[in-house]
>>> print(open('work-v2.txt').read())   # compact mmCIF, C-alpha atoms
# COMPACT_ATOMS: atom_id res chain seq x y z
CA MET A 1 -17.12 -11.68 -16.53
CA PRO A 2 -15.55 -8.41 -17.63
CA PRO A 3 -14.20 -6.24 -14.82
CA GLU A 4 -16.48 -3.50 -13.63
CA PRO A 5 -15.17 -0.03 -14.45
CA LEU A 6 -13.57 1.89 -11.64
CA VAL A 7 -15.92 4.76 -10.84
CA TRP A 8 -16.21 7.41 -8.16
CA GLN A 9 -18.96 6.97 -5.59
CA ILE A 10 -20.19 8.90 -2.57
CA ALA A 11 -19.45 7.12 0.69
CA THR A 12 -20.91 7.97 4.10
CA VAL A 13 -18.68 8.15 7.15
CA SER A 14 -20.33 5.70 9.53
CA ALA A 15 -17.73 5.60 12.31
CA ILE A 16 -14.50 7.29 13.36
CA ARG A 17 -12.10 5.67 15.79
CA GLY A 18 -8.91 7.23 17.13
CA GLU A 19 -5.97 4.85 16.86
CA THR A 20 -3.06 7.03 17.98
CA GLU A 21 -2.53 10.74 18.46
CA ARG A 22 -1.99 11.14 14.72
CA ALA A 23 -3.93 8.25 13.15
CA SER A 24 -7.64 7.47 13.05
CA SER A 25 -9.73 4.84 11.33
CA PHE A 26 -12.69 5.99 9.25
CA THR A 27 -15.42 3.48 8.46
CA LEU A 28 -17.01 4.28 5.12
CA SER A 29 -20.37 2.88 4.01
CA LEU A 30 -20.31 2.35 0.24
CA PRO A 31 -23.43 2.27 -1.95
CA ALA A 32 -21.48 0.34 -4.64
CA TRP A 33 -19.33 -1.76 -2.31
CA ARG A 34 -17.15 -4.37 -3.98
CA PRO A 35 -15.14 -7.12 -2.26
CA HIS A 36 -11.52 -6.16 -1.82
CA ARG A 37 -8.22 -7.98 -1.35
CA ALA A 38 -5.96 -7.33 1.62
CA GLY A 39 -3.39 -4.72 0.58
CA GLN A 40 -5.64 -2.77 -1.76
CA HIS A 41 -6.49 0.91 -1.35
CA TYR A 42 -9.14 3.48 -2.13
CA ASP A 43 -8.60 6.79 -3.85
CA VAL A 44 -10.21 9.73 -2.04
CA ARG A 45 -11.06 12.97 -3.83
CA LEU A 46 -11.98 16.29 -2.27
CA THR A 47 -13.49 19.06 -4.36
CA ALA A 48 -13.45 22.69 -3.23
CA ALA A 49 -16.22 25.15 -4.00
CA ASP A 50 -14.11 26.64 -6.78
CA GLY A 51 -13.62 23.23 -8.41
CA TYR A 52 -10.09 22.62 -7.15
CA GLN A 53 -9.56 18.93 -6.46
CA ALA A 54 -7.10 17.09 -4.25
CA GLN A 55 -6.74 13.32 -4.42
CA ARG A 56 -4.90 10.79 -2.23
CA SER A 57 -4.76 7.02 -1.85
CA TYR A 58 -5.45 5.37 1.51
CA SER A 59 -4.97 1.70 2.30
CA ILE A 60 -7.86 -0.45 3.45
CA ALA A 61 -7.36 -1.65 7.02
CA SER A 62 -10.39 -3.93 7.30
CA PRO A 63 -10.42 -7.55 6.13
CA PRO A 64 -12.39 -8.47 3.00
CA ALA A 65 -15.13 -10.17 5.02
CA HIS A 66 -16.72 -6.87 6.10
CA THR A 67 -19.38 -6.35 3.44
CA GLY A 68 -20.74 -2.92 2.61
CA VAL A 69 -18.04 -0.99 4.46
CA VAL A 70 -14.31 -0.40 4.46
CA ASP A 71 -12.08 1.01 7.15
CA LEU A 72 -9.39 3.44 6.03
CA THR A 73 -6.77 4.25 8.65
CA ILE A 74 -5.38 7.69 7.88
CA GLU A 75 -2.45 9.47 9.46
CA ARG A 76 -2.80 13.23 9.83
CA ILE A 77 -0.08 14.95 7.77
CA PRO A 78 0.18 18.52 9.17
CA ASP A 79 0.73 20.19 5.78
CA GLY A 80 -1.36 17.69 3.83
CA GLU A 81 -4.27 18.59 1.58
CA VAL A 82 -6.57 15.67 2.33
CA SER A 83 -5.69 14.05 5.67
CA PRO A 84 -6.30 17.20 7.81
CA TYR A 85 -9.79 17.38 6.32
CA PHE A 86 -10.48 13.84 7.50
CA HIS A 87 -9.14 14.51 10.99
CA ASP A 88 -10.31 18.08 11.58
CA VAL A 89 -13.51 18.42 9.58
CA LEU A 90 -15.21 15.10 8.78
CA GLU A 91 -17.84 13.81 11.20
CA VAL A 92 -19.99 10.71 11.29
CA GLY A 93 -22.72 11.08 8.67
CA ASP A 94 -20.64 13.24 6.34
CA LEU A 95 -20.13 12.29 2.69
CA VAL A 96 -16.83 11.73 0.90
CA GLU A 97 -16.01 10.82 -2.71
CA VAL A 98 -14.01 7.60 -3.19
CA ARG A 99 -13.17 4.97 -5.80
CA GLY A 100 -11.87 1.47 -5.31
CA PRO A 101 -10.82 -1.08 -4.36
CA ILE A 102 -7.60 -0.51 -6.29
CA GLY A 103 -4.45 -2.56 -6.88
CA GLY A 104 -3.55 -6.17 -7.58
CA TYR A 105 0.20 -6.36 -7.01
CA PHE A 106 0.60 -5.39 -3.35
CA VAL A 107 -2.02 -7.90 -2.17
CA TRP A 108 -1.94 -11.04 -0.11
CA GLU A 109 -4.41 -13.79 0.52
CA PRO A 110 -3.93 -17.11 2.34
CA ALA A 111 -3.61 -19.01 -0.98
CA LEU A 112 -0.35 -17.13 -1.68
CA GLY A 113 1.17 -18.76 1.41
CA GLY A 114 4.39 -17.74 3.08
CA PRO A 115 6.24 -17.70 5.34
CA LEU A 116 5.20 -14.10 5.41
CA LEU A 117 7.46 -11.19 6.37
CA LEU A 118 5.59 -7.91 6.72
CA VAL A 119 7.72 -4.80 7.20
CA ALA A 120 5.99 -1.53 8.09
CA GLY A 121 7.14 2.01 8.69
CA GLY A 122 4.60 4.23 10.45
CA SER A 123 1.19 4.15 8.78
CA GLY A 124 2.64 1.66 6.28
CA VAL A 125 1.26 -0.89 8.71
CA VAL A 126 -2.29 -0.27 7.44
CA PRO A 127 -2.37 -2.57 4.36
CA LEU A 128 -0.33 -5.14 6.28
CA MET A 129 -2.93 -5.06 9.06
CA ALA A 130 -5.59 -5.96 6.49
CA MET A 131 -3.46 -9.03 5.65
CA ILE A 132 -3.03 -9.92 9.34
CA ARG A 133 -6.74 -9.48 9.98
CA GLN A 134 -7.64 -11.62 6.97
CA ARG A 135 -5.18 -14.31 8.10
CA ALA A 136 -6.81 -14.33 11.53
CA ALA A 137 -10.37 -14.25 10.20
CA ALA A 138 -9.66 -17.19 7.89
CA GLY A 139 -8.05 -19.22 10.67
CA ASP A 140 -4.92 -19.31 8.48
CA THR A 141 -1.69 -20.42 10.15
CA THR A 142 0.89 -19.13 7.65
CA PRO A 143 4.00 -18.32 9.70
CA THR A 144 4.00 -14.52 9.77
CA THR A 145 6.31 -11.89 11.23
CA LEU A 146 5.42 -8.21 11.37
CA LEU A 147 8.47 -5.97 11.76
CA TYR A 148 6.98 -2.59 12.58
CA SER A 149 9.03 0.60 12.84
CA ALA A 150 7.50 3.51 14.74
CA ARG A 151 8.76 6.55 16.64
CA ASP A 152 7.65 5.36 20.05
CA VAL A 153 5.19 3.02 21.74
CA ASP A 154 2.31 5.49 21.54
CA ASP A 155 2.79 5.74 17.76
CA LEU A 156 2.15 2.01 17.21
CA ILE A 157 -1.18 1.80 15.40
CA TYR A 158 -3.35 -1.24 16.33
CA ARG A 159 -1.04 -1.98 19.27
CA ASP A 160 -3.64 -3.68 21.48
CA GLU A 161 -5.11 -5.70 18.61
CA LEU A 162 -1.66 -6.83 17.49
CA ASP A 163 -0.85 -7.90 21.05
CA ALA A 164 -4.05 -9.93 21.11
CA LEU A 165 -3.47 -11.53 17.70
CA ALA A 166 0.17 -12.48 18.35
CA GLY A 167 0.67 -16.22 18.64
CA ASP A 168 -0.74 -18.87 16.28
CA GLY A 169 2.31 -18.34 14.10
CA LEU A 170 2.18 -14.52 14.20
CA ARG A 171 5.17 -12.68 15.67
CA VAL A 172 4.95 -8.93 16.15
CA LEU A 173 8.31 -7.16 16.43
CA PRO A 174 8.06 -3.40 16.97
CA THR A 175 11.21 -1.33 16.59
CA LEU A 176 11.12 2.11 18.19
CA THR A 177 13.29 4.74 16.56
CA ARG A 178 12.99 7.78 18.87
CA ALA A 179 12.03 6.77 22.37
CA HIS A 180 11.28 3.58 24.21
CA PRO A 181 9.89 2.91 27.68
CA PRO A 182 12.08 1.74 30.57
CA GLY A 183 12.72 -1.98 30.40
CA TRP A 184 12.02 -2.15 26.64
CA THR A 185 13.51 -5.36 25.31
CA GLY A 186 12.52 -5.02 21.65
CA TYR A 187 14.42 -3.38 18.82
CA ALA A 188 15.17 0.33 19.29
CA ARG A 189 16.66 1.55 16.02
CA ARG A 190 15.80 2.03 12.37
CA VAL A 191 15.35 -1.14 10.33
CA ASP A 192 18.72 -2.28 9.01
CA GLU A 193 20.22 -5.31 7.34
CA PRO A 194 21.38 -7.09 10.55
CA MET A 195 17.85 -6.73 11.92
CA LEU A 196 16.38 -8.19 8.73
CA ALA A 197 18.88 -11.06 8.89
CA GLU A 198 17.77 -11.94 12.44
CA VAL A 199 14.11 -11.80 11.53
CA LEU A 200 14.58 -13.87 8.39
CA ALA A 201 16.60 -16.53 10.23
CA ALA A 202 13.72 -17.09 12.64
CA LEU A 203 11.08 -17.12 9.90
CA GLY A 204 12.42 -19.86 7.65
CA PRO A 205 13.42 -20.16 4.00
CA ASP A 206 11.85 -18.61 0.92
CA PRO A 207 9.78 -15.89 2.59
CA LEU A 208 7.18 -13.80 0.83
CA VAL A 209 7.78 -10.16 1.79
CA TYR A 210 5.55 -7.09 1.81
CA ALA A 211 7.20 -3.81 2.78
CA CYS A 212 5.25 -0.57 3.11
CA GLY A 213 6.23 2.82 4.45
CA PRO A 214 8.40 5.86 3.75
CA THR A 215 10.50 5.42 0.61
CA LEU A 216 13.84 5.39 2.44
CA LEU A 217 12.72 2.59 4.75
CA VAL A 218 11.36 0.54 1.86
CA GLU A 219 14.60 1.06 -0.08
CA THR A 220 16.59 -0.17 2.94
CA VAL A 221 14.39 -3.24 3.25
CA ALA A 222 14.39 -4.09 -0.47
CA ALA A 223 18.16 -3.68 -0.83
CA GLY A 224 18.88 -5.50 2.44
CA LEU A 225 16.73 -8.48 1.52
CA VAL A 226 18.42 -8.81 -1.88
CA ASN A 227 21.81 -8.77 -0.12
CA LEU A 228 20.51 -11.50 2.19
CA GLY A 229 19.59 -13.69 -0.78
CA VAL A 230 15.82 -13.16 -0.98
CA PRO A 231 14.77 -13.29 -4.66
CA PRO A 232 13.48 -9.86 -5.79
CA ASP A 233 10.28 -11.41 -7.12
CA ARG A 234 9.41 -12.48 -3.55
CA VAL A 235 9.53 -8.87 -2.31
CA ARG A 236 6.60 -6.55 -2.93
CA THR A 237 6.92 -2.91 -2.00
CA GLU A 238 4.73 0.12 -1.53
CA ARG A 239 6.60 3.40 -1.12
CA PHE A 240 4.85 6.33 0.56
CA GLY A 241 7.38 9.01 -0.43
CA PRO A 242 9.19 11.17 2.15
CA SER A 243 8.67 10.39 5.82
CA ASN A 244 6.70 12.96 7.74
CA MET B 1 18.74 7.14 -9.53
CA PHE B 2 15.79 7.16 -7.12
CA ASP B 3 15.18 9.58 -4.27
CA GLU B 4 13.02 9.68 -1.18
CA SER B 5 10.05 11.12 -3.03
CA THR B 6 9.89 8.12 -5.37
CA LEU B 7 6.65 6.16 -5.24
CA ASP B 8 5.64 2.77 -6.62
CA ALA B 9 3.20 2.40 -9.49
CA ASN B 10 0.72 1.14 -6.91
CA ALA B 11 0.26 4.78 -5.89
CA VAL B 12 -1.28 5.51 -9.31
CA ALA B 13 -3.03 2.15 -9.72
CA GLY B 14 -6.40 3.90 -9.89
CA GLU B 15 -5.35 6.07 -12.83
CA LEU B 16 -3.82 3.04 -14.55
CA GLU B 17 -7.05 1.11 -14.14
CA VAL B 18 -9.05 3.97 -15.64
CA LEU B 19 -6.63 4.31 -18.58
CA PHE B 20 -6.39 0.59 -19.41
CA ALA B 21 -9.83 -0.51 -18.13
CA VAL B 22 -8.18 -3.32 -16.17
CA GLU B 23 -6.16 -3.67 -12.98
CA MET B 24 -2.62 -3.04 -14.23
CA THR B 25 -0.21 -3.33 -11.29
CA ALA B 26 -0.18 -7.15 -11.41
CA VAL B 27 0.29 -7.12 -15.20
CA VAL B 28 3.84 -8.01 -16.24
CA GLY B 29 5.77 -5.84 -18.68
CA LYS B 30 9.14 -6.00 -20.37
CA CYS B 31 11.29 -2.86 -20.28
CA ALA B 32 12.19 -1.94 -23.86
CA HIS B 33 15.44 -0.37 -22.64
CA CYS B 34 17.06 -3.08 -20.47
CA GLY B 35 14.82 -6.11 -20.99
CA ASN B 36 13.79 -6.45 -17.35
CA GLU B 37 10.52 -8.34 -16.97
CA ALA B 38 8.53 -7.40 -13.89
CA ALA B 39 5.06 -6.49 -12.68
CA VAL B 40 3.92 -2.97 -13.50
CA GLY B 41 3.58 -2.55 -9.73
CA THR B 42 7.39 -2.60 -9.44
CA LEU B 43 7.79 0.48 -11.63
CA ARG B 44 8.80 3.69 -9.86
CA ALA B 45 6.20 6.43 -10.10
CA TYR B 46 6.86 10.14 -10.49
CA VAL B 47 3.73 12.19 -10.00
CA ASN B 48 4.90 15.76 -9.36
CA ALA B 49 4.55 16.80 -12.99
CA PRO B 50 1.76 17.62 -15.44
CA GLY B 51 1.60 13.90 -16.22
CA VAL B 52 2.68 10.68 -14.54
CA VAL B 53 5.92 8.86 -15.41
CA LEU B 54 6.64 5.22 -14.55
CA ARG B 55 10.30 4.20 -14.69
CA CYS B 56 11.98 0.77 -14.72
CA SER B 57 13.20 -0.22 -11.24
CA ILE B 58 16.39 -1.63 -12.77
CA CYS B 59 17.57 0.87 -15.42
CA GLY B 60 15.49 3.94 -14.53
CA GLU B 61 14.28 4.55 -18.09
CA VAL B 62 10.69 5.54 -18.83
CA VAL B 63 8.41 2.54 -19.43
CA ILE B 64 4.93 4.09 -19.30
CA ALA B 65 3.85 7.73 -19.11
CA TRP B 66 0.54 9.52 -19.47
CA ALA B 67 -1.12 12.87 -19.28
CA TRP B 68 -4.72 13.95 -19.10
CA THR B 69 -6.02 16.22 -21.85
CA PRO B 70 -9.39 17.95 -22.05
CA THR B 71 -10.63 14.98 -24.08
CA GLY B 72 -9.23 12.20 -21.87
CA GLY B 73 -6.03 10.38 -21.05
CA ARG B 74 -3.17 9.83 -23.52
CA VAL B 75 -0.70 7.03 -22.75
CA ASP B 76 2.82 6.53 -24.08
CA ARG B 77 3.80 2.92 -23.41
CA SER B 78 6.57 2.76 -26.00
CA GLY B 79 9.02 1.99 -23.20
CA ALA B 80 7.40 -1.42 -22.79
CA SER B 81 8.22 -4.16 -25.32
CA TRP B 82 5.10 -5.93 -24.21
CA LEU B 83 2.50 -5.99 -21.42
CA GLY B 84 0.67 -9.15 -20.45
CA GLN B 85 -0.65 -11.40 -17.75
CA PRO B 86 2.01 -13.18 -15.71
CA SER B 87 2.33 -16.88 -16.42
CA GLY B 88 1.02 -18.96 -13.55
CA ALA B 89 -0.22 -15.88 -11.76
CA ALA B 90 -2.80 -16.16 -9.05
CA PRO B 91 -6.18 -15.22 -10.50
CA SER B 92 -7.11 -11.66 -9.73
CA ALA B 93 -10.60 -10.45 -9.08
CA ALA B 94 -10.00 -7.38 -11.22
CA ALA B 95 -7.79 -8.74 -14.00
CA PRO B 96 -9.05 -10.80 -16.94
CA SER B 97 -8.46 -14.51 -16.56
CA GLU B 98 -6.40 -16.47 -19.07
CA ALA B 99 -9.15 -19.03 -19.54
>>> encode(input="work-v2.txt", output="structure tokens")
Amino acid sequence: MPPEPLVWQIATVSAIRGETERASSFTLSLPAWRPHRAGQHYDVRLTAADGYQAQRSYSIASPPAHTGVVDLTIERIPDGEVSPYFHDVLEVGDLVEVRGPIGGYFVWEPALGGPLLLVAGGSGVVPLMAMIRQRAAAGDTTPTTLLYSARDVDDLIYRDELDALAGDGLRVLPTLTRAHPPGWTGYARRVDEPMLAEVLAALGPDPLVYACGPTLLVETVAAGLVNLGVPPDRVRTERFGPSN
Amino acid sequence: MFDESTLDANAVAGELEVLFAVEMTAVVGKCAHCGNEAAVGTLRAYVNAPGVVLRCSICGEVVIAWAWTPTGGRVDRSGASWLGQPSGAAPSAAAPSEA
């Protein structure tokens, strides 16, 4: 069966859920919904009255099993062209132009196995959450560690859900780079090579790695893992560009 | 060679799919400059220009570039010796199968 062409369609915002102060999840109902793979994204296009267009890519947060809809978790970038529109203007029932699902490299499904090391910086957790949700929905037990860098506890997207999903082979290791609550026993610094070495040692040999976040974080992770002996073809990256 | 504004080709996967009519980031290519063989998704993307430039993650040379003209997209992929499906790759919903 030849692939269907990638075309723009008009989605309806069917729900909006605040995740953190800066991030919200937008449920989009799609007239031409197609099944997606965890890790894929949608392109979003806004068109002004004068014809000016702005386009961004946003990762799918929901697992593939949700037919007819996708959840996009979007962080509000103060000087952004698209994300402030989502956060400040869009309401349930509004229409937005999207195309997708897109991508086939930065994807995971249970058949690809593991052990799985997921490394996120900020909203880079979104495509990794789709993988974690799919793993859980499928009853998959692939040993999985999420190393998740955020500014502080309140900036951890999906915090309650991750707490609930932890166990059954899933470890969630937040590292807080700016502030941490009293009594915090987790990591409290930027991701570095010694941290990666500790996480890898606990995960087991020949991990499959997905790293997503600001470019500098992803560079640190990719270079650190190579130094630690992880084959480059086992490391898949998605760079966001500068951190906000 | 790369700076903090560098993206991965995944960021322009939608444009690639429109240009090639197939999901491209899982397609493997060989860099014509250094011989590195890797998925298109590993290429570094530069998008702050009139067109898009994808560079080899190893040598930094241009592998694929394109620009949109009033009549459609025009792709220069002379920096790739070849592009093809990875051997033994997991089947992709969007990519053509080898069967």
>>> closest_atom_pairs(input="work-v2.txt", of="chain A", to="chain B", cutoff="7 Å", atoms="all atoms listed in the file", output="tab-separated table")
residue	atom	partner	partner_atom	distance
A:Pro2	CA	B:Pro96	CA	7.0
A:Pro3	CA	B:Ala94	CA	5.6
A:Pro5	CA	B:Ala21	CA	6.5
A:Leu6	CA	B:Val18	CA	6.4
A:Ser57	CA	B:Ala11	CA	6.8
A:Ile102	CA	B:Gly14	CA	5.8
A:Gly103	CA	B:Ala13	CA	5.7
A:Gly104	CA	B:Ala26	CA	5.2
A:Tyr105	CA	B:Ala26	CA	4.5
A:Thr215	CA	B:Glu4	CA	5.3
A:Leu216	CA	B:Glu4	CA	5.7
A:Glu238	CA	B:Asp8	CA	5.8
A:Arg239	CA	B:Leu7	CA	5.0
A:Phe240	CA	B:Leu7	CA	6.1
A:Gly241	CA	B:Ser5	CA	4.3
A:Pro242	CA	B:Ser5	CA	5.3
>>> atom_distance(input="work-v2.txt", atom1="atom CA of Asp79 of chain A", atom2="atom CA of Gly124 of chain A")
18.6 Å
>>> atom_distance(input="work-v2.txt", atom1="atom CA of Gly84 of chain B", atom2="atom CA of Cys31 of chain B")
12.3 Å
>>> closest_atom_pairs(input="work-v2.txt", of="segment 20-121 of chain A", to="segment 177-193 of chain A", cutoff="10 Å", atoms="all atoms listed in the file", output="JSON lines")
{"residue": "A:Val119", "atom": "CA", "partner": "A:Val191", "partner_atom": "CA", "distance": 9.0}
{"residue": "A:Ala120", "atom": "CA", "partner": "A:Val191", "partner_atom": "CA", "distance": 9.6}
{"residue": "A:Gly121", "atom": "CA", "partner": "A:Val191", "partner_atom": "CA", "distance": 8.9}
>>> write_last_selection(input="work-v2.txt", atoms="C-alpha atoms", output="PDB file, in the coordinates of the input")
ATOM      1  CA  VAL A 119       7.720  -4.800   7.200  1.00  0.00           C
ATOM      2  CA  ALA A 120       5.990  -1.530   8.090  1.00  0.00           C
ATOM      3  CA  GLY A 121       7.140   2.010   8.690  1.00  0.00           C
TER       4      GLY A 121
END
>>> closest_residue(input="work-v2.txt", among="B:Val47, B:Ala65, B:Ala80, B:Leu54", to="His33 of chain B", atoms="only C-alpha atoms")
B:Ala80
>>> atom_distance(input="work-v2.txt", atom1="atom CA of Val92 of chain A", atom2="atom CA of Leu28 of chain A")
9.4 Å
>>> residues_around(input="work-v2.txt", residues="Val63 of chain B", least_positions_apart="2", cutoff="9 Å", atoms="all atoms listed in the file", output="list in words")
Gly29, Lys30, Cys31, Ala32, His33, Leu43, Val53, Leu54, Arg55, Cys56, Gly60, Glu61, Ala65, Asp76, Arg77, Ser78, Gly79, Ala80 and Ser81 of chain B
>>> closest_residue(input="work-v2.txt", among="A:Ser83, A:Gln9, A:Ser29, A:Thr67", to="Gln55 of chain A", atoms="all atoms listed in the file")
A:Ser83
>>> residues_around(input="work-v2.txt", residues="Ala67 of chain B", least_positions_apart="6", cutoff="9 Å", atoms="all atoms listed in the file", output="PyMOL selection string")
chain B and resi 50-53+73-76
>>> residues_around(input="work-v2.txt", residues="segment 40-49 of chain A", least_positions_apart="4", cutoff="6 Å", atoms="only C-alpha atoms", output="ChimeraX atom specification")
/A:53-60,97-103
>>> residues_around(input="work-v2.txt", residues="Arg234 of chain A", least_positions_apart="2", cutoff="8 Å", atoms="only C-alpha atoms", output="list in words")
Asp206, Pro207, Leu208, Val209, Val230, Pro231, Pro232 and Arg236 of chain A
>>> residues_around(input="work-v2.txt", residues="Tyr210 of chain A", least_positions_apart="5", cutoff="12 Å", atoms="all atoms listed in the file", output="short mmCIF file (atom, residue, chain, number, x, y, z; two decimals) with C-alpha atoms, keeping the file's coordinate frame")
data_model
loop_
_atom_site.label_atom_id
_atom_site.label_comp_id
_atom_site.auth_asym_id
_atom_site.auth_seq_id
_atom_site.Cartn_x
_atom_site.Cartn_y
_atom_site.Cartn_z
CA ALA A 38 -5.96 -7.33 1.62
CA GLY A 39 -3.39 -4.72 0.58
CA TYR A 105 0.20 -6.36 -7.01
CA PHE A 106 0.60 -5.39 -3.35
CA VAL A 107 -2.02 -7.90 -2.17
CA TRP A 108 -1.94 -11.04 -0.11
CA GLY A 114 4.39 -17.74 3.08
CA PRO A 115 6.24 -17.70 5.34
CA LEU A 116 5.20 -14.10 5.41
CA LEU A 117 7.46 -11.19 6.37
CA LEU A 118 5.59 -7.91 6.72
CA VAL A 119 7.72 -4.80 7.20
CA ALA A 120 5.99 -1.53 8.09
CA GLY A 121 7.14 2.01 8.69
CA GLY A 124 2.64 1.66 6.28
CA VAL A 125 1.26 -0.89 8.71
CA VAL A 126 -2.29 -0.27 7.44
CA PRO A 127 -2.37 -2.57 4.36
CA LEU A 128 -0.33 -5.14 6.28
CA MET A 129 -2.93 -5.06 9.06
CA MET A 131 -3.46 -9.03 5.65
CA ILE A 132 -3.03 -9.92 9.34
CA THR A 144 4.00 -14.52 9.77
CA THR A 145 6.31 -11.89 11.23
CA LEU A 146 5.42 -8.21 11.37
CA LEU A 147 8.47 -5.97 11.76
CA TYR A 148 6.98 -2.59 12.58
CA VAL A 218 11.36 0.54 1.86
CA VAL A 221 14.39 -3.24 3.25
CA ALA A 222 14.39 -4.09 -0.47
CA LEU A 225 16.73 -8.48 1.52
CA PRO A 232 13.48 -9.86 -5.79
CA ASP A 233 10.28 -11.41 -7.12
CA ARG A 234 9.41 -12.48 -3.55
CA VAL A 235 9.53 -8.87 -2.31
CA ARG A 236 6.60 -6.55 -2.93
CA THR A 237 6.92 -2.91 -2.00
CA GLU A 238 4.73 0.12 -1.53
CA ARG A 239 6.60 3.40 -1.12
#
>>> closest_residue(input="work-v2.txt", among="A:Arg22, A:Arg171, A:Arg17, A:Arg37", to="Ser62 of chain A", atoms="only C-alpha atoms")
A:Arg37
>>> closest_residue(input="work-v2.txt", among="A:Ala23, A:Val7, A:Ala150, A:Leu162", to="Pro174 of chain A", atoms="only C-alpha atoms")
A:Ala150
